[in-house]
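Peer 1: Got a file for you: start-v6.txt, compact mmCIF, C-alpha atoms.
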```
# COMPACT_ATOMS: atom_id res chain seq x y z
CA MET L 30 119.41 126.50 65.61
CA THR L 31 118.01 125.66 62.17
CA GLY L 32 117.28 121.95 61.98
CA ARG L 33 117.12 121.54 65.75
CA VAL L 34 114.06 120.85 67.86
CA ALA L 35 113.37 122.37 71.27
CA ILE L 36 110.74 121.86 73.95
CA VAL L 37 109.87 124.83 76.16
CA THR L 38 107.58 123.82 79.01
CA GLY L 39 105.12 126.57 79.85
CA GLY L 40 106.22 128.21 76.62
CA GLY L 41 102.95 129.95 75.79
CA ARG L 42 102.97 132.77 78.31
CA GLY L 43 105.22 135.06 80.35
CA VAL L 44 108.91 134.26 80.31
CA GLY L 45 108.24 131.01 78.47
CA ARG L 46 106.69 132.87 75.56
CA GLY L 47 109.81 135.00 75.22
CA ILE L 48 112.03 131.92 75.31
CA THR L 49 109.90 130.27 72.64
CA ARG L 50 110.12 133.30 70.36
CA CYS L 51 113.91 133.41 70.73
CA PHE L 52 114.23 129.80 69.62
CA LEU L 53 111.83 130.32 66.73
CA GLU L 54 113.79 133.37 65.62
CA ALA L 55 116.99 131.33 65.76
CA GLY L 56 115.48 128.76 63.38
CA ALA L 57 114.51 125.95 65.75
CA ASP L 58 111.28 123.99 65.60
CA VAL L 59 109.64 124.44 69.00
CA VAL L 60 107.13 122.39 70.98
CA ILE L 61 105.44 124.15 73.89
CA CYS L 62 103.00 122.89 76.49
CA GLY L 63 100.59 124.14 79.09
CA ARG L 64 97.75 122.90 81.27
CA LYS L 65 95.20 125.24 79.66
CA PRO L 66 94.42 125.86 75.98
CA LEU L 67 96.64 128.48 74.38
CA PRO L 68 94.78 131.80 73.92
CA GLU L 69 96.84 132.65 70.85
CA PRO L 70 99.69 130.91 69.01
CA VAL L 71 103.32 131.81 69.65
CA GLU L 72 104.92 133.00 66.42
CA ASP L 73 108.06 134.70 65.19
CA GLY L 74 109.07 135.49 61.63
CA GLY L 75 106.08 133.65 60.23
CA ARG L 76 106.94 130.45 62.12
CA GLN L 77 104.72 129.01 64.83
CA ALA L 78 105.37 126.83 67.87
CA HIS L 79 103.59 123.48 68.12
CA PHE L 80 101.33 123.45 71.21
CA VAL L 81 100.48 120.42 73.36
CA GLN L 82 97.96 120.67 76.17
CA ALA L 83 99.48 118.65 78.97
CA ASP L 84 100.07 118.67 82.72
CA ILE L 85 103.76 117.84 83.15
CA ARG L 86 103.24 117.10 86.84
CA LYS L 87 101.80 113.81 85.57
CA PRO L 88 103.93 111.12 83.86
CA GLU L 89 101.49 110.86 80.95
CA GLY L 90 101.77 114.61 80.40
CA VAL L 91 105.56 114.42 80.19
CA GLU L 92 105.35 111.53 77.76
CA SER L 93 102.88 113.33 75.49
CA VAL L 94 105.09 116.42 75.19
CA VAL L 95 108.30 114.53 74.41
CA ASN L 96 106.45 112.27 71.97
CA ALA L 97 105.03 115.33 70.22
CA ALA L 98 108.56 116.56 69.52
CA THR L 99 109.94 113.25 68.26
CA GLU L 100 106.85 112.27 66.25
CA THR L 101 106.20 115.72 64.73
CA PHE L 102 109.79 116.77 64.03
CA GLY L 103 111.71 113.49 64.21
CA ARG L 104 114.13 114.43 66.97
CA LEU L 105 114.74 116.44 70.16
CA ASP L 106 117.80 118.59 70.81
CA VAL L 107 116.88 121.02 73.58
CA LEU L 108 114.64 120.99 76.63
CA VAL L 109 114.01 124.24 78.50
CA ASN L 110 112.38 123.45 81.84
CA ASN L 111 110.56 126.76 82.19
CA ALA L 112 107.15 125.82 83.61
CA GLY L 113 106.90 126.86 87.22
CA GLY L 114 105.78 129.54 89.59
CA THR L 115 103.80 130.04 92.75
CA ALA L 116 100.97 132.03 94.27
CA TYR L 117 100.91 134.10 97.42
CA ALA L 118 99.70 132.09 100.40
CA ASP L 119 100.01 132.14 104.18
CA THR L 120 102.62 129.48 104.90
CA LEU L 121 101.11 128.72 108.32
CA THR L 122 97.57 128.16 107.13
CA VAL L 123 97.81 126.92 103.55
CA SER L 124 97.06 123.24 102.93
CA PRO L 125 99.82 120.64 102.68
CA GLY L 126 98.57 119.96 99.17
CA PHE L 127 99.53 123.50 98.14
CA HIS L 128 103.15 122.94 99.17
CA ARG L 129 103.24 119.54 97.49
CA SER L 130 101.83 120.96 94.26
CA THR L 131 104.39 123.79 94.28
CA VAL L 132 107.31 121.40 94.69
CA ASP L 133 105.88 119.01 92.10
CA LEU L 134 105.66 121.77 89.49
CA ASN L 135 108.97 123.50 90.20
CA LEU L 136 111.23 120.53 91.00
CA VAL L 137 109.74 117.09 90.37
CA ALA L 138 108.27 117.90 86.94
CA PRO L 139 111.59 119.28 85.61
CA LEU L 140 113.31 116.09 86.80
CA ASN L 141 110.80 113.86 85.05
CA CYS L 142 110.91 115.95 81.87
CA SER L 143 114.71 115.82 81.88
CA VAL L 144 114.82 112.03 82.17
CA ALA L 145 112.36 111.64 79.28
CA ALA L 146 114.27 114.19 77.20
CA TYR L 147 117.59 112.44 77.83
CA HIS L 148 116.29 109.22 76.30
CA ALA L 149 115.12 111.17 73.24
CA MET L 150 118.41 113.07 72.88
CA LYS L 151 121.09 110.51 73.66
CA GLY L 152 121.19 109.12 70.13
CA ASN L 153 121.83 112.51 68.49
CA PRO L 154 125.35 112.92 67.04
CA GLU L 155 125.74 116.15 69.07
CA GLY L 156 123.73 114.90 72.03
CA GLY L 157 121.48 117.52 73.55
CA SER L 158 121.02 120.34 76.01
CA ILE L 159 118.76 120.69 79.04
CA VAL L 160 118.26 124.11 80.64
CA PHE L 161 116.51 124.73 83.95
CA ILE L 162 114.93 128.12 84.61
CA SER L 163 115.60 128.95 88.25
CA SER L 164 115.14 132.16 90.21
CA VAL L 165 117.09 134.49 92.44
CA ALA L 166 114.57 133.35 95.07
CA ALA L 167 116.66 130.17 95.25
CA THR L 168 119.71 132.02 96.53
CA ILE L 169 118.46 133.55 99.81
CA PRO L 170 115.65 132.82 102.28
CA ASP L 171 112.24 133.75 100.90
CA PRO L 172 109.63 133.68 103.69
CA VAL L 173 106.86 134.79 101.32
CA THR L 174 106.98 131.65 99.18
CA PRO L 175 109.20 129.10 100.96
CA ALA L 176 108.11 126.00 99.03
CA TYR L 177 108.81 127.76 95.72
CA ALA L 178 112.20 129.04 96.89
CA ALA L 179 113.17 125.63 98.26
CA ALA L 180 112.16 123.92 95.01
CA LYS L 181 114.16 126.40 92.94
CA ALA L 182 117.16 125.89 95.24
CA GLY L 183 116.75 122.17 94.64
CA LEU L 184 117.12 122.75 90.91
CA SER L 185 120.73 123.85 91.50
CA ASN L 186 121.70 120.48 92.92
CA LEU L 187 119.53 118.64 90.41
CA CYS L 188 121.33 120.41 87.57
CA ARG L 189 124.78 119.43 88.82
CA SER L 190 123.70 115.86 89.56
CA LEU L 191 122.12 115.29 86.16
CA ALA L 192 125.05 116.99 84.43
CA MET L 193 127.32 114.29 85.83
CA GLU L 194 124.91 111.45 85.13
CA PHE L 195 123.88 112.54 81.61
CA ALA L 196 127.42 113.36 80.41
CA PRO L 197 128.89 113.24 77.86
CA LYS L 198 125.85 113.04 75.57
CA VAL L 199 123.54 115.60 77.20
CA ARG L 200 124.59 118.85 78.87
CA VAL L 201 122.55 120.25 81.78
CA ASN L 202 122.70 123.90 82.92
CA THR L 203 120.63 126.46 84.80
CA VAL L 204 119.61 130.06 84.12
CA ILE L 205 119.01 131.95 87.36
CA ALA L 206 116.52 134.64 86.40
CA GLY L 207 116.09 137.90 88.24
CA LEU L 208 113.19 140.36 88.11
CA ILE L 209 111.53 139.83 84.74
CA LEU L 210 108.87 142.14 83.35
CA THR L 211 105.71 140.33 82.24
CA LYS L 212 102.02 141.21 82.39
CA ASP L 213 101.77 139.39 85.72
CA SER L 214 104.87 140.91 87.31
CA GLU L 215 103.88 144.42 86.19
CA THR L 216 100.96 144.12 88.63
CA TYR L 217 103.47 143.94 91.49
CA TYR L 218 106.33 146.11 90.22
CA GLY L 219 104.42 148.92 88.49
CA GLU L 220 104.08 149.86 84.84
CA GLY L 221 107.30 149.08 83.06
CA GLY L 222 108.77 147.95 86.41
CA LYS L 223 108.95 151.58 87.58
CA ASP L 224 108.79 150.61 91.28
CA VAL L 225 111.97 148.52 91.19
CA ARG L 226 114.08 149.45 88.18
CA ASP L 227 116.11 152.02 90.14
CA LYS L 228 117.33 149.14 92.33
CA ILE L 229 118.72 147.28 89.32
CA PRO L 230 122.19 148.35 88.13
CA MET L 231 121.20 147.85 84.48
CA GLY L 232 118.36 150.35 84.98
CA ARG L 233 115.49 148.09 83.96
CA MET L 234 113.78 144.82 84.70
CA GLY L 235 114.73 141.94 82.46
CA SER L 236 112.65 140.92 79.47
CA PRO L 237 111.52 137.37 78.68
CA GLU L 238 113.84 137.58 75.66
CA ASP L 239 116.81 138.25 77.95
CA VAL L 240 116.16 134.87 79.53
CA GLY L 241 115.52 133.30 76.12
CA ASN L 242 118.86 134.48 74.77
CA ALA L 243 120.63 133.05 77.82
CA CYS L 244 118.94 129.72 77.06
CA LEU L 245 120.08 129.93 73.44
CA LEU L 246 123.65 130.52 74.52
CA LEU L 247 123.66 127.43 76.75
CA SER L 248 121.93 125.34 74.06
CA GLU L 249 124.32 126.08 71.18
CA PRO L 250 127.13 123.47 71.19
CA ARG L 251 129.55 125.73 69.29
CA TYR L 252 129.54 128.20 72.18
CA ALA L 253 128.64 126.03 75.17
CA GLY L 254 129.81 122.57 74.14
CA TRP L 255 132.03 122.26 77.21
CA ILE L 256 129.64 123.93 79.65
CA THR L 257 127.59 121.60 81.85
CA GLY L 258 126.52 121.68 85.48
CA ALA L 259 126.80 125.48 85.39
CA ALA L 260 124.50 128.29 86.56
CA LEU L 261 124.24 131.44 84.44
CA GLU L 262 122.97 134.40 86.47
CA CYS L 263 120.64 136.60 84.41
CA HIS L 264 119.52 139.38 86.75
CA GLY L 265 120.93 142.71 85.56
CA GLY L 266 123.15 142.96 88.62
CA PHE L 267 120.35 142.69 91.21
CA PRO L 268 120.53 139.09 92.51
CA TYR L 269 117.84 139.37 95.18
CA PRO L 270 114.11 138.54 95.04
CA LEU L 271 111.59 141.11 96.18
CA THR L 272 108.53 138.87 96.19
CA GLY L 273 107.45 135.48 94.98
CA ILE L 274 105.98 135.74 91.50
CA ASP L 275 104.85 133.38 88.78
CA HIS L 276 107.46 133.49 86.01
```
The structure given in the file should be rewritten as structure tokens.
Peer 2:
Amino acid sequence: MTGRVAIVTGGGRGVGRGITRCFLEAGADVVICGRKPLPEPVEDGGRQAHFVQADIRKPEGVESVVNAATETFGRLDVLVNNAGGTAYADTLTVSPGFHRSTVDLNLVAPLNCSVAAYHAMKGNPEGGSIVFISSVAATIPDPVTPAYAAAKAGLSNLCRSLAMEFAPKVRVNTVIAGLILTKDSETYYGEGGKDVRDKIPMGRMGSPEDVGNACLLLSEPRYAGWITGAALECHGGFPYPLTGIDH
């Protein structure tokens, strides 16, 4: 990925941090964003991601992130729509604004980021690659976090629709992530994922880098140049959610 530029939304923590480090390790210049200041920089091999504080639920936030990539590094090749997540809430009593905010973050923001990224990528000789980070929660009913699950399910159709509309210049694919071990998820699944790893055929929860490497695969035109509108399942053989969790 040397010479290429990637944006990873929500790339400073959790799964996003692992994705960012994978792209840095592969040689890409990486722009990351988040609503709050970054506690510590994201680095790998002496190289550091460029951080932009922005709320991508707002059009001006999307614009600032894409502009940071093109103005700082002169181009944009990859967008990983990673920012997302949810919190536990009683579906019957939570405010309508909670549901709207969840859908905005997990579905509407990735759409707006993708449109902005397309315009930045379409002039590249090799076009570009957009990757959505979805969840196994999108594949079956999830009564714990229905707005989140519905938004992630919506990403599947959005991916296929944009893949047709953005072709042939920009490819659009989805990584469907399973149970991933982060500091947040360890609170629910036990230290090292001990409470759930016996349920997973691969014998462990996934790492943020597992998801990052899947994103790299879909972003590299030599390996995935004819792959678009596809969903890559990255769940260690356990394609079912146990709870809603911020990824």
Peer 1: Considering only C-alpha atoms, state which residue in the set L:Asn135, L:Gln77, L:Ser163, L:Thr122 is at the smallest distance from Ala57 in chain L.
Peer 2: L:Gln77
Peer 1: Just want the 12 Å neighbourhood of Ala145 in chain L, counted on all atoms listed in the file, with same-chain residues fewer than 3 positions away dropped. Output as a list in words.
Peer 2: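 The filter keeps Ile36, Ile85, Pro88, Glu89, Gly90, Val91, Glu92, Ser93, Val94, Val95, Asn96, Ala98, Thr99, Leu105, Val107, Leu108, Ala138, Pro139, Leu140, Asn141, Cys142, His148, Ala149, Met150, Lys151, Ile159 and Phe195 of chain L.
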Peer 1: Please indicate the distance in Å from CA of Ile48 in chain L to CA of Leu134 in chain L, rounded to one decimal place.
Peer 2: 18.6 Å
Peer 1: When you count only C-alpha atoms, which of these residues is closest to Leu67 in chain L: L:Ala196, L:Cys244, L:Met234, L:Val81?
Peer 2: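 Of the candidates, the smallest distance to Leu67 in chain L is held by L:Val81.
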Peer 1: Hey, which of L:Ser124, L:Leu247, L:Ala116, L:Arg33 ends up closest to Leu53 in chain L? Count all atoms listed in the file.
Peer 2: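 Of L:Ser124, L:Leu247, L:Ala116, L:Arg33, the one nearest Leu53 in chain L is L:Arg33, counting all atoms listed in the file.
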Peer 1: Nearest to Ile162 in chain L among L:Arg233, L:Thr216, L:Val204, L:Ala192, with distances taken over all atoms listed in the file: which residue is it?
Peer 2: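 The answer is L:Val204, which sits nearest to Ile162 in chain L.
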Peer 1: Rank L:Ala259, L:Leu210, L:Ala35, L:Ala118 by their smallest atom-to-atom distance to Met193 in chain L, using only C-alpha atoms, and report the top residue only.
Peer 2: L:Ala259
Peer 1: I'd like the contact shell of Lys181 in chain L - 10 Å cut-off, only C-alpha atoms, skipping same-chain residues fewer than 2 positions apart - returned as a PyMOL selection string.
Peer 2: chain L and resi 113-114+132+135-136+161-168+175-179+183-187+205
Peer 1: Report, in Å to a single decimal, how far apart CA of Lys212 in chain L and CA of Val44 in chain L are.
Peer 2: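 It comes out at 10.0 Å.
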Peer 1: Pick from L:Glu194, L:Asp106, L:Glu249, L:Asp239: nearest to Arg50 in chain L, with all atoms listed in the file counted?
Peer 2: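 Closest to Arg50 in chain L, using all atoms listed in the file: L:Asp239.
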Peer 1: Would you mind reading off the distance between CA of Val60 in chain L and CA of Ala78 in chain L, one decimal, in Å?
Peer 2: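 Computing the Euclidean distance for CA of Val60 in chain L and CA of Ala78 in chain L yields 5.7 Å.
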Peer 1: Extending 4 Å beyond the listed atoms of range 174-179 of chain L on each side, what axis-aligned box results? I want centre and edge lengths in Å to one decimal, as lines of an AutoDock Vina configuration file.
Peer 2:
```
center_x = 110.1
center_y = 128.6
center_z = 98.3
size_x = 14.2
size_y = 14.0
size_z = 13.2
```
Peer 1: Would you pick out the contacts of Thr31 in chain L at 8 Å or less, using all atoms listed in the file, so that residues sharing its chain but fewer than 5 positions from it are not included, and give the list as a JSON list (two decimals) with C-alpha atoms, keeping the file's coordinate frame?
Peer 2:
```json
[["chain", "number", "residue", "atom", "x", "y", "z"],
["L", 55, "ALA", "CA", 116.99, 131.33, 65.76],
["L", 56, "GLY", "CA", 115.48, 128.76, 63.38],
["L", 57, "ALA", "CA", 114.51, 125.95, 65.75],
["L", 58, "ASP", "CA", 111.28, 123.99, 65.60]]
```
Peer 1: For Val160 in chain L, list every protein, DNA or RNA residue within 6 Å, evaluated using all atoms listed in the file, and leave out those in the same chain fewer than 4 positions away; present the list as a list in words.
Peer 2: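 Listing them by chain and then by number gives Val109, Val201, Asn202 and Thr203 of chain L.
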